[in-house]
>>> print(open('final-v8.cif').read())   # mmCIF, C-alpha atoms
data_query
#
loop_
_atom_site.label_atom_id
_atom_site.label_comp_id
_atom_site.auth_asym_id
_atom_site.auth_seq_id
_atom_site.Cartn_x
_atom_site.Cartn_y
_atom_site.Cartn_z
CA MET J 11 37.37 -12.39 30.31
CA THR J 12 37.88 -12.31 26.57
CA LEU J 13 35.36 -13.87 24.21
CA PHE J 14 37.99 -14.63 21.56
CA PRO J 15 38.66 -18.31 22.50
CA PHE J 16 34.91 -18.89 22.68
CA ILE J 17 34.40 -17.38 19.22
CA ILE J 18 37.22 -19.52 17.81
CA ARG J 19 35.59 -22.66 19.24
CA ILE J 20 32.23 -21.69 17.74
CA PHE J 21 33.85 -21.09 14.35
CA ALA J 22 35.68 -24.42 14.50
CA LEU J 23 32.44 -26.19 15.43
CA LYS J 24 30.72 -24.58 12.44
CA ILE J 25 33.45 -25.87 10.13
CA VAL J 26 33.09 -29.38 11.56
CA VAL J 27 29.31 -29.28 11.02
CA MET J 28 29.73 -28.03 7.43
CA ASN J 29 32.24 -30.76 6.71
CA ALA J 30 29.91 -33.40 8.14
CA ILE J 31 27.05 -32.10 5.99
CA PHE J 32 29.25 -32.24 2.89
CA THR J 33 30.43 -35.81 3.52
CA LYS J 34 26.96 -37.09 4.39
CA SER J 35 25.40 -35.41 1.34
CA ILE J 36 27.99 -36.97 -0.98
CA VAL J 37 27.46 -40.46 0.49
CA ASP J 38 23.65 -40.12 0.45
CA TRP J 39 23.74 -39.05 -3.19
CA TYR J 40 25.96 -42.04 -4.02
CA ALA J 41 23.58 -44.47 -2.35
CA GLU J 42 20.91 -43.42 -4.84
CA ASN J 43 23.02 -42.81 -7.96
CA GLN J 44 26.10 -45.02 -7.90
CA ARG J 45 27.13 -46.67 -11.14
CA LYS J 46 27.18 -50.48 -11.13
CA LEU J 47 30.69 -51.34 -12.27
CA PRO J 48 32.42 -54.75 -12.14
CA TRP J 49 35.50 -53.52 -10.26
CA ARG J 50 33.23 -52.30 -7.48
CA GLU J 51 31.87 -55.77 -6.94
CA THR J 52 35.20 -57.17 -5.71
CA LYS J 53 37.72 -56.58 -2.96
CA LEU J 54 40.52 -58.26 -4.89
CA PRO J 55 43.39 -55.76 -5.06
CA TYR J 56 44.54 -57.08 -8.45
CA ALA J 57 41.18 -56.40 -10.13
CA ILE J 58 40.90 -52.98 -8.49
CA TRP J 59 44.45 -52.11 -9.54
CA ILE J 60 43.77 -53.02 -13.17
CA SER J 61 40.61 -50.88 -13.22
CA GLU J 62 42.37 -47.88 -11.71
CA ILE J 63 45.26 -47.98 -14.18
CA ILE J 64 42.88 -48.35 -17.14
CA LEU J 65 40.70 -45.48 -15.94
CA GLN J 66 43.61 -43.06 -15.61
CA GLN J 67 43.10 -40.58 -18.47
CA THR J 68 40.21 -42.80 -19.71
CA ARG J 69 36.46 -42.33 -19.30
CA VAL J 70 34.49 -45.17 -17.71
CA ALA J 71 32.45 -45.61 -20.90
CA GLN J 72 35.62 -46.22 -22.90
CA GLY J 73 37.51 -48.19 -20.28
CA TYR J 74 34.69 -50.58 -19.35
CA ASP J 75 35.13 -53.01 -22.26
CA TYR J 76 38.91 -52.78 -22.06
CA TYR J 77 38.72 -53.83 -18.42
CA LEU J 78 36.55 -56.85 -19.21
CA ARG J 79 38.84 -57.97 -22.05
CA PHE J 80 41.99 -57.42 -20.02
CA MET J 81 40.65 -59.37 -17.06
CA GLN J 82 39.47 -62.18 -19.30
CA ARG J 83 42.93 -62.46 -20.86
CA PHE J 84 44.85 -61.94 -17.59
CA PRO J 85 42.49 -63.04 -14.77
CA THR J 86 45.26 -63.18 -12.15
CA VAL J 87 48.47 -61.32 -11.44
CA GLN J 88 50.32 -64.54 -12.24
CA ASN J 89 48.80 -64.59 -15.73
CA LEU J 90 49.87 -61.01 -16.31
CA ALA J 91 53.37 -61.57 -14.98
CA SER J 92 53.97 -64.60 -17.20
CA ALA J 93 52.79 -62.87 -20.41
CA SER J 94 55.16 -61.21 -22.87
CA GLU J 95 55.28 -57.44 -23.20
CA ASP J 96 53.91 -57.75 -26.75
CA GLU J 97 50.86 -59.61 -25.42
CA VAL J 98 50.21 -56.95 -22.79
CA LEU J 99 50.59 -54.06 -25.24
CA LEU J 100 48.27 -55.77 -27.71
CA MET J 101 45.54 -56.02 -25.07
CA TRP J 102 46.15 -52.36 -24.20
CA GLN J 103 46.01 -51.26 -27.85
CA GLY J 104 43.86 -48.16 -28.33
CA LEU J 105 43.94 -46.96 -24.71
CA GLY J 106 47.05 -44.84 -25.17
CA TYR J 107 49.60 -43.96 -22.48
CA TYR J 108 51.39 -47.23 -23.15
CA SER J 109 53.88 -46.69 -20.34
CA ARG J 110 50.98 -47.59 -18.04
CA ALA J 111 50.76 -51.05 -19.63
CA ARG J 112 54.51 -51.57 -19.40
CA ASN J 113 54.48 -50.56 -15.73
CA LEU J 114 51.55 -52.90 -15.08
CA HIS J 115 53.57 -55.74 -16.54
CA LYS J 116 56.68 -54.83 -14.54
CA ALA J 117 54.72 -54.43 -11.31
CA ALA J 118 52.92 -57.76 -11.83
CA ARG J 119 56.26 -59.54 -11.94
CA GLN J 120 57.36 -57.78 -8.77
CA ILE J 121 54.11 -58.74 -7.01
CA VAL J 122 54.59 -62.40 -7.95
CA GLU J 123 58.16 -62.27 -6.64
CA MET J 124 56.85 -60.74 -3.38
CA GLY J 125 54.43 -63.63 -2.97
CA GLY J 126 51.26 -61.58 -3.36
CA PHE J 127 49.76 -58.13 -3.60
CA PRO J 128 50.98 -55.80 -0.81
CA SER J 129 48.36 -54.79 1.73
CA ASP J 130 49.62 -51.46 3.04
CA TYR J 131 49.70 -48.04 1.41
CA THR J 132 53.48 -47.54 1.42
CA ALA J 133 54.23 -50.90 -0.20
CA ILE J 134 51.54 -50.36 -2.83
CA LEU J 135 52.92 -46.91 -3.59
CA ALA J 136 56.37 -48.40 -4.18
CA LEU J 137 55.15 -50.50 -7.14
CA PRO J 138 56.03 -49.26 -10.67
CA GLY J 139 53.45 -46.92 -12.17
CA ILE J 140 51.52 -46.37 -8.94
CA GLY J 141 51.21 -42.85 -7.58
CA GLU J 142 49.50 -41.44 -4.52
CA TYR J 143 46.00 -41.51 -6.04
CA THR J 144 46.19 -45.14 -7.18
CA ALA J 145 47.78 -46.30 -3.93
CA ALA J 146 45.00 -44.57 -1.97
CA ALA J 147 42.31 -46.08 -4.18
CA ILE J 148 43.62 -49.64 -3.84
CA SER J 149 44.22 -49.25 -0.10
CA SER J 150 40.71 -47.93 0.40
CA PHE J 151 38.70 -50.14 -1.97
CA ALA J 152 40.50 -53.42 -1.32
CA TYR J 153 41.48 -53.10 2.33
CA GLY J 154 39.27 -50.36 3.77
CA LEU J 155 42.27 -48.28 4.84
CA PRO J 156 41.60 -44.59 5.59
CA HIS J 157 43.33 -42.97 2.61
CA ALA J 158 41.55 -40.23 0.66
CA VAL J 159 41.69 -40.29 -3.13
CA LEU J 160 42.55 -37.11 -4.96
CA ASP J 161 41.99 -37.17 -8.72
CA GLY J 162 40.64 -34.64 -11.22
CA ASN J 163 37.05 -35.21 -10.17
CA VAL J 164 37.86 -34.75 -6.48
CA PHE J 165 39.91 -31.61 -7.13
CA ARG J 166 36.94 -30.14 -8.98
CA VAL J 167 34.36 -30.96 -6.29
CA LEU J 168 36.47 -29.72 -3.40
CA SER J 169 37.68 -26.53 -5.09
CA ARG J 170 34.13 -25.53 -6.05
CA TYR J 171 32.33 -26.49 -2.87
CA PHE J 172 34.85 -24.79 -0.59
CA GLY J 173 35.68 -21.97 -3.01
CA VAL J 174 39.41 -22.72 -3.13
CA ASP J 175 41.18 -20.82 -5.91
CA THR J 176 44.71 -21.95 -5.06
CA PRO J 177 46.10 -23.61 -8.23
CA ILE J 178 45.77 -27.37 -7.97
CA ASP J 179 49.10 -27.89 -9.78
CA SER J 180 51.09 -25.71 -7.38
CA THR J 181 53.04 -27.03 -4.40
CA GLN J 182 50.83 -25.07 -2.03
CA GLY J 183 47.68 -26.24 -3.77
CA LYS J 184 48.64 -29.90 -3.65
CA LYS J 185 49.29 -29.68 0.10
CA LEU J 186 46.07 -27.75 0.71
CA PHE J 187 43.85 -30.12 -1.26
CA ARG J 188 45.53 -33.18 0.26
CA ALA J 189 44.73 -31.84 3.73
CA LEU J 190 41.17 -30.96 2.69
CA ALA J 191 40.59 -34.40 1.13
CA ASP J 192 41.86 -36.09 4.29
CA GLU J 193 39.62 -33.87 6.43
CA MET J 194 36.49 -34.78 4.44
CA LEU J 195 37.22 -38.53 4.40
CA ASP J 196 34.78 -40.79 6.22
CA ARG J 197 37.28 -42.96 8.07
CA ASN J 198 34.61 -45.47 9.05
CA ASP J 199 33.89 -46.27 5.40
CA SER J 200 36.61 -44.78 3.24
CA ALA J 201 35.78 -46.98 0.23
CA THR J 202 32.19 -45.76 -0.04
CA TYR J 203 33.12 -42.11 0.48
CA ASN J 204 35.97 -42.22 -2.05
CA GLN J 205 33.79 -43.86 -4.69
CA ALA J 206 31.04 -41.37 -3.90
CA ILE J 207 33.05 -38.21 -4.37
CA MET J 208 34.64 -39.50 -7.58
CA ASP J 209 31.25 -40.44 -9.03
CA PHE J 210 29.83 -37.10 -7.93
CA GLY J 211 32.58 -35.29 -9.82
CA ALA J 212 32.14 -37.50 -12.88
CA LEU J 213 28.34 -37.26 -13.06
CA VAL J 214 27.24 -34.04 -11.31
CA CYS J 215 30.11 -31.64 -10.68
CA THR J 216 31.43 -32.01 -14.22
CA PRO J 217 33.65 -29.50 -16.04
CA HIS J 218 30.48 -27.96 -17.51
CA ALA J 219 28.14 -28.62 -14.61
CA SER J 220 24.41 -27.91 -14.47
CA CYS J 221 24.20 -26.77 -10.86
CA SER J 222 20.41 -26.56 -10.67
CA SER J 223 20.16 -30.31 -10.03
CA CYS J 224 23.11 -30.49 -7.60
CA PRO J 225 22.15 -31.49 -4.04
CA LEU J 226 25.06 -29.37 -2.70
CA SER J 227 24.28 -26.15 -4.56
CA GLU J 228 22.79 -24.36 -1.54
CA THR J 229 26.02 -24.68 0.44
CA CYS J 230 28.49 -24.59 -2.48
CA ALA J 231 30.80 -21.56 -2.36
CA ALA J 232 31.37 -21.48 -6.12
CA PHE J 233 27.64 -21.59 -6.84
CA ARG J 234 26.96 -18.75 -4.40
CA THR J 235 29.70 -16.57 -5.91
CA ASN J 236 29.06 -17.56 -9.53
CA THR J 237 32.59 -18.93 -9.98
CA VAL J 238 31.77 -22.53 -10.92
CA ASP J 239 33.32 -22.21 -14.38
CA GLU J 240 36.47 -20.66 -12.93
CA LEU J 241 37.34 -23.53 -10.59
CA PRO J 242 39.53 -25.44 -10.17
CA VAL J 243 42.46 -23.19 -11.09
CA LYS J 244 45.61 -24.38 -12.85
CA SER J 245 48.73 -22.24 -12.96
CA HIS J 246 50.53 -24.00 -15.80
CA VAL J 247 49.36 -24.33 -19.38
CA THR J 248 50.58 -27.45 -21.14
CA LYS J 249 52.82 -26.59 -24.09
CA VAL J 250 51.98 -28.72 -27.11
CA ARG J 251 54.76 -29.51 -29.57
CA PRO J 252 53.77 -30.28 -33.20
CA ARG J 253 55.45 -33.18 -34.99
CA HIS J 254 55.12 -33.91 -38.72
CA LEU J 255 55.21 -37.61 -39.57
CA ILE J 256 55.39 -39.41 -42.91
CA TYR J 257 54.36 -43.07 -42.89
CA LEU J 258 55.16 -45.38 -45.79
CA TYR J 259 53.04 -48.50 -45.93
CA ILE J 260 55.20 -50.60 -48.24
CA CYS J 261 53.78 -53.77 -49.80
CA VAL J 262 55.61 -56.59 -51.58
CA ASP J 263 53.64 -59.72 -52.51
CA GLY J 264 51.12 -59.27 -49.72
CA LYS J 265 53.72 -58.51 -47.08
CA ILE J 266 54.45 -55.20 -45.37
CA LEU J 267 57.50 -53.75 -43.68
CA LEU J 268 57.24 -53.19 -39.92
CA HIS J 269 59.46 -52.48 -36.97
CA ARG J 270 59.10 -52.22 -33.20
CA ARG J 271 59.55 -48.75 -31.71
CA GLY J 272 62.41 -48.43 -29.25
CA GLU J 273 62.91 -46.51 -26.04
CA GLY J 274 63.09 -42.77 -25.59
CA ASP J 275 59.98 -41.66 -27.46
CA ILE J 276 56.24 -42.14 -27.66
CA TRP J 277 54.70 -45.57 -28.25
CA GLN J 278 57.64 -47.58 -26.95
CA GLY J 279 57.24 -51.24 -27.85
CA LEU J 280 54.50 -50.71 -30.45
CA TYR J 281 54.81 -51.60 -34.12
CA GLU J 282 54.70 -49.29 -37.14
CA PRO J 283 55.54 -49.14 -40.86
CA VAL J 284 58.44 -47.09 -42.23
CA LEU J 285 58.42 -43.63 -40.65
CA LEU J 286 60.17 -40.39 -41.46
CA GLU J 287 59.76 -37.29 -39.31
CA LEU J 288 60.07 -34.01 -41.20
CA LYS J 289 59.76 -30.31 -40.61
CA ALA J 290 56.61 -28.75 -42.03
CA ASP J 291 58.50 -27.03 -44.87
CA GLU J 292 60.20 -30.28 -45.93
CA GLN J 293 57.08 -32.26 -46.71
CA GLU J 294 56.44 -30.94 -50.21
CA SER J 295 59.94 -31.69 -51.50
CA PHE J 296 59.81 -35.15 -49.90
CA ALA J 297 56.51 -35.90 -51.63
CA GLU J 298 58.04 -34.94 -54.98
CA ARG J 299 61.04 -37.25 -54.46
CA LEU J 300 58.78 -40.07 -53.29
CA CYS J 301 56.54 -39.80 -56.37
CA SER J 302 59.54 -39.75 -58.70
CA LEU J 303 60.88 -42.98 -57.21
CA PHE J 304 57.51 -44.72 -56.84
CA PRO J 305 55.17 -43.33 -59.58
CA ASP J 306 52.29 -45.53 -58.38
CA VAL J 307 52.45 -44.37 -54.75
CA VAL J 308 49.07 -43.40 -53.25
CA LEU J 309 48.59 -40.65 -50.67
CA LEU J 310 45.91 -42.34 -48.60
CA ASP J 311 45.61 -39.71 -45.90
CA LYS J 312 47.13 -36.26 -45.47
CA GLY J 313 47.49 -34.06 -42.43
CA ARG J 314 45.68 -36.39 -40.05
CA LYS J 315 45.95 -34.93 -36.55
CA HIS J 316 46.41 -36.98 -33.42
CA GLN J 317 46.54 -35.23 -30.04
CA LEU J 318 48.76 -36.51 -27.27
CA SER J 319 49.17 -34.88 -23.87
CA HIS J 320 52.17 -32.75 -24.89
CA GLN J 321 52.36 -33.33 -28.62
CA LEU J 322 50.24 -32.78 -31.70
CA LEU J 323 51.05 -35.35 -34.36
CA ILE J 324 50.32 -34.39 -37.96
CA ALA J 325 50.69 -37.41 -40.22
CA ASP J 326 50.65 -38.23 -43.92
CA PHE J 327 50.10 -41.86 -44.98
CA TYR J 328 51.42 -43.24 -48.24
CA VAL J 329 50.79 -46.69 -49.66
CA LEU J 330 53.26 -47.99 -52.18
CA ASN J 331 53.72 -51.32 -53.90
CA ALA J 332 57.13 -52.64 -54.90
CA THR J 333 58.27 -55.66 -56.86
CA SER J 334 60.84 -56.91 -54.36
CA PRO J 335 62.51 -56.14 -51.03
CA ALA J 336 65.67 -55.29 -52.97
CA GLU J 337 63.83 -52.54 -54.88
CA VAL J 338 62.52 -51.18 -51.61
CA SER J 339 65.98 -51.08 -50.04
CA GLU J 340 67.49 -49.39 -53.07
CA LYS J 341 64.88 -46.65 -53.42
CA ILE J 342 64.26 -46.05 -49.72
CA ALA J 343 67.99 -45.41 -49.33
CA GLN J 344 67.55 -42.46 -51.69
CA LEU J 345 64.74 -41.01 -49.57
CA PHE J 346 66.11 -41.42 -46.08
CA PRO J 347 69.35 -40.16 -44.55
CA ALA J 348 72.00 -42.84 -44.03
CA ASP J 349 71.33 -45.05 -41.00
CA SER J 350 68.00 -43.31 -40.31
CA LEU J 351 66.04 -46.51 -40.69
CA SER J 352 65.96 -49.00 -37.86
CA LYS J 353 67.84 -52.20 -38.58
CA ASP J 354 65.13 -54.34 -37.04
CA PHE J 355 62.56 -53.96 -39.83
CA PHE J 356 60.91 -57.19 -40.89
CA TRP J 357 58.41 -58.34 -43.49
CA THR J 358 55.12 -59.76 -42.28
CA PRO J 359 51.87 -60.70 -44.06
CA GLU J 360 49.28 -57.94 -44.18
CA THR J 361 46.80 -60.44 -42.79
CA SER J 362 48.79 -60.65 -39.55
CA LEU J 363 48.68 -56.92 -38.77
CA ASP J 364 46.23 -57.44 -35.90
CA GLU J 365 48.86 -59.52 -34.10
CA TYR J 366 51.05 -56.45 -33.57
CA ALA J 367 50.13 -53.73 -31.08
CA SER J 368 49.89 -50.37 -32.85
CA PRO J 369 48.94 -46.84 -31.77
CA ARG J 370 45.41 -45.60 -32.47
CA LEU J 371 46.68 -43.28 -35.21
CA LEU J 372 47.88 -46.28 -37.20
CA LEU J 373 44.78 -48.35 -36.47
CA GLU J 374 42.73 -45.60 -38.13
CA PHE J 375 45.04 -45.72 -41.13
CA TYR J 376 44.91 -49.52 -41.40
CA LYS J 377 41.12 -49.37 -41.31
CA LYS J 378 41.05 -46.78 -44.07
CA ARG J 379 43.51 -48.85 -46.07
CA SER J 380 41.23 -51.90 -45.90
CA LEU J 381 38.20 -49.85 -46.92
CA CYS J 382 39.99 -48.48 -49.98
CA ARG J 383 40.76 -51.85 -51.50
#
>>> encode(input="final-v8.cif", output="structure tokens")
Amino acid sequence: MTLFPFIIRIFALKIVVMNAIFTKSIVDWYAENQRKLPWRETKLPYAIWISEIILQQTRVAQGYDYYLRFMQRFPTVQNLASASEDEVLLMWQGLGYYSRARNLHKAARQIVEMGGFPSDYTAILALPGIGEYTAAAISSFAYGLPHAVLDGNVFRVLSRYFGVDTPIDSTQGKKLFRALADEMLDRNDSATYNQAIMDFGALVCTPHASCSSCPLSETCAAFRTNTVDELPVKSHVTKVRPRHLIYLYICVDGKILLHRRGEGDIWQGLYEPVLLELKADEQESFAERLCSLFPDVVLLDKGRKHQLSHQLLIADFYVLNATSPAEVSEKIAQLFPADSLSKDFFWTPETSLDEYASPRLLLEFYKKRSLCR
């Protein structure tokens, strides 16, 4: 009689015990250390959805106040659905990733048309802007459904604890970690476990973790093999494209020239002054032409860098005063290629700038502009 099946059963039992220890340790830690956050004090899917979308690519410390303001302005999905896109973008201003706000708005209108927030994973996943992680989070937190969340924090905890060096951005890695996350899930209380492992990754198993205080260090594979800083593994390095922007803040009698950005590029739907995008070697000659046409122009900021996920923006900000819109049109035509300016520019009082949603890069410029007066 061979001992092989017996050995396999013993090995499988050991894995089950280890998994149980991991899950219990995470939940026990959470019971003592969980953060008190407003979206954890409700089972309303709308409130949970808003928090999850805000916290994508945003730290809790930054997103907390945004969540409170957003919920105060749009307390129900009906309020959000009936708002204009400009209103939604203005409330989102400063968070970045503005497609998330536009998708929120679009999804809210779909939810109202459906008669209410969907209550199953597949229907939630079908809403605009909702991926597998967000659908799992809403399903779990609002309805107690057994769906495991898998975000950056969870990837980090699982890859380190189990010593998995398969790239998390590979097809194989995504399948492996999805199966592992599902295996670890406490199906009797998925909401608590999911919150626990995310908080654990955010507060303990951080990118630069101090493992001495970790309650899982004794059984953590990465800690035992001194590979904590090497996990998780990514196979692809994001290529960052530089873009050189010239902004002209043009003033005539207390009014400035603005336009709303269109589709097909960053910051869709946000407002900005006159913009020209140049190559790096074209900036000096442009500055000379600008100064010859507007001798009183002021270079308020030069080479300000603004990092996006796949782009590095390098911007110069000029402030210039003109006597009339006609002068602006005449001289700007000499600076810009024909038809390069949007036809939807409009004049608006400087005092009304805060009524128009703008990217963080421009908010920093507007602040500096006000300080320089």
>>> resolve_selection(input="final-v8.cif", expression="the PyMOL selection byres ((chain J and resi 82-89) around 8)", output="ChimeraX atom specification")
/J:56,78-81,90-93,118-119,121-122
>>> closest_residue(input="final-v8.cif", among="J:Tyr74, J:Phe151, J:Trp357, J:Tyr259", to="Pro55 in chain J", atoms="only C-alpha atoms")
J:Phe151
>>> resolve_selection(input="final-v8.cif", expression="the PyMOL selection byres ((chain J and resi 304) around 12)", output="list in words")
Leu258, Ile260, Ala297, Glu298, Arg299, Leu300, Cys301, Ser302, Leu303, Pro305, Asp306, Val307, Val308, Leu309, Tyr328, Val329, Leu330, Asn331, Ala332, Thr333, Glu337, Val338, Glu340, Lys341, Ile342, Gln344 and Leu345 of chain J
>>> resolve_selection(input="final-v8.cif", expression="the PyMOL selection byres ((chain J and resi 173-186) around 6)", output="number ranges by chain")
J: 169-172, 187-189, 231-232, 243-245
>>> closest_residue(input="final-v8.cif", among="J:Gln205, J:Glu282, J:Ala71, J:Arg110", to="Ala41 in chain J", atoms="only C-alpha atoms")
J:Gln205
>>> atom_distance(input="final-v8.cif", atom1="CA of Leu160 in chain J", atom2="CA of Tyr143 in chain J")
5.7 Å
>>> residues_around(input="final-v8.cif", residues="Val98 in chain J", least_positions_apart="3", cutoff="8 Å", atoms="all atoms listed in the file", output="number ranges by chain")
J: 90, 93-95, 101-102, 111-112, 115
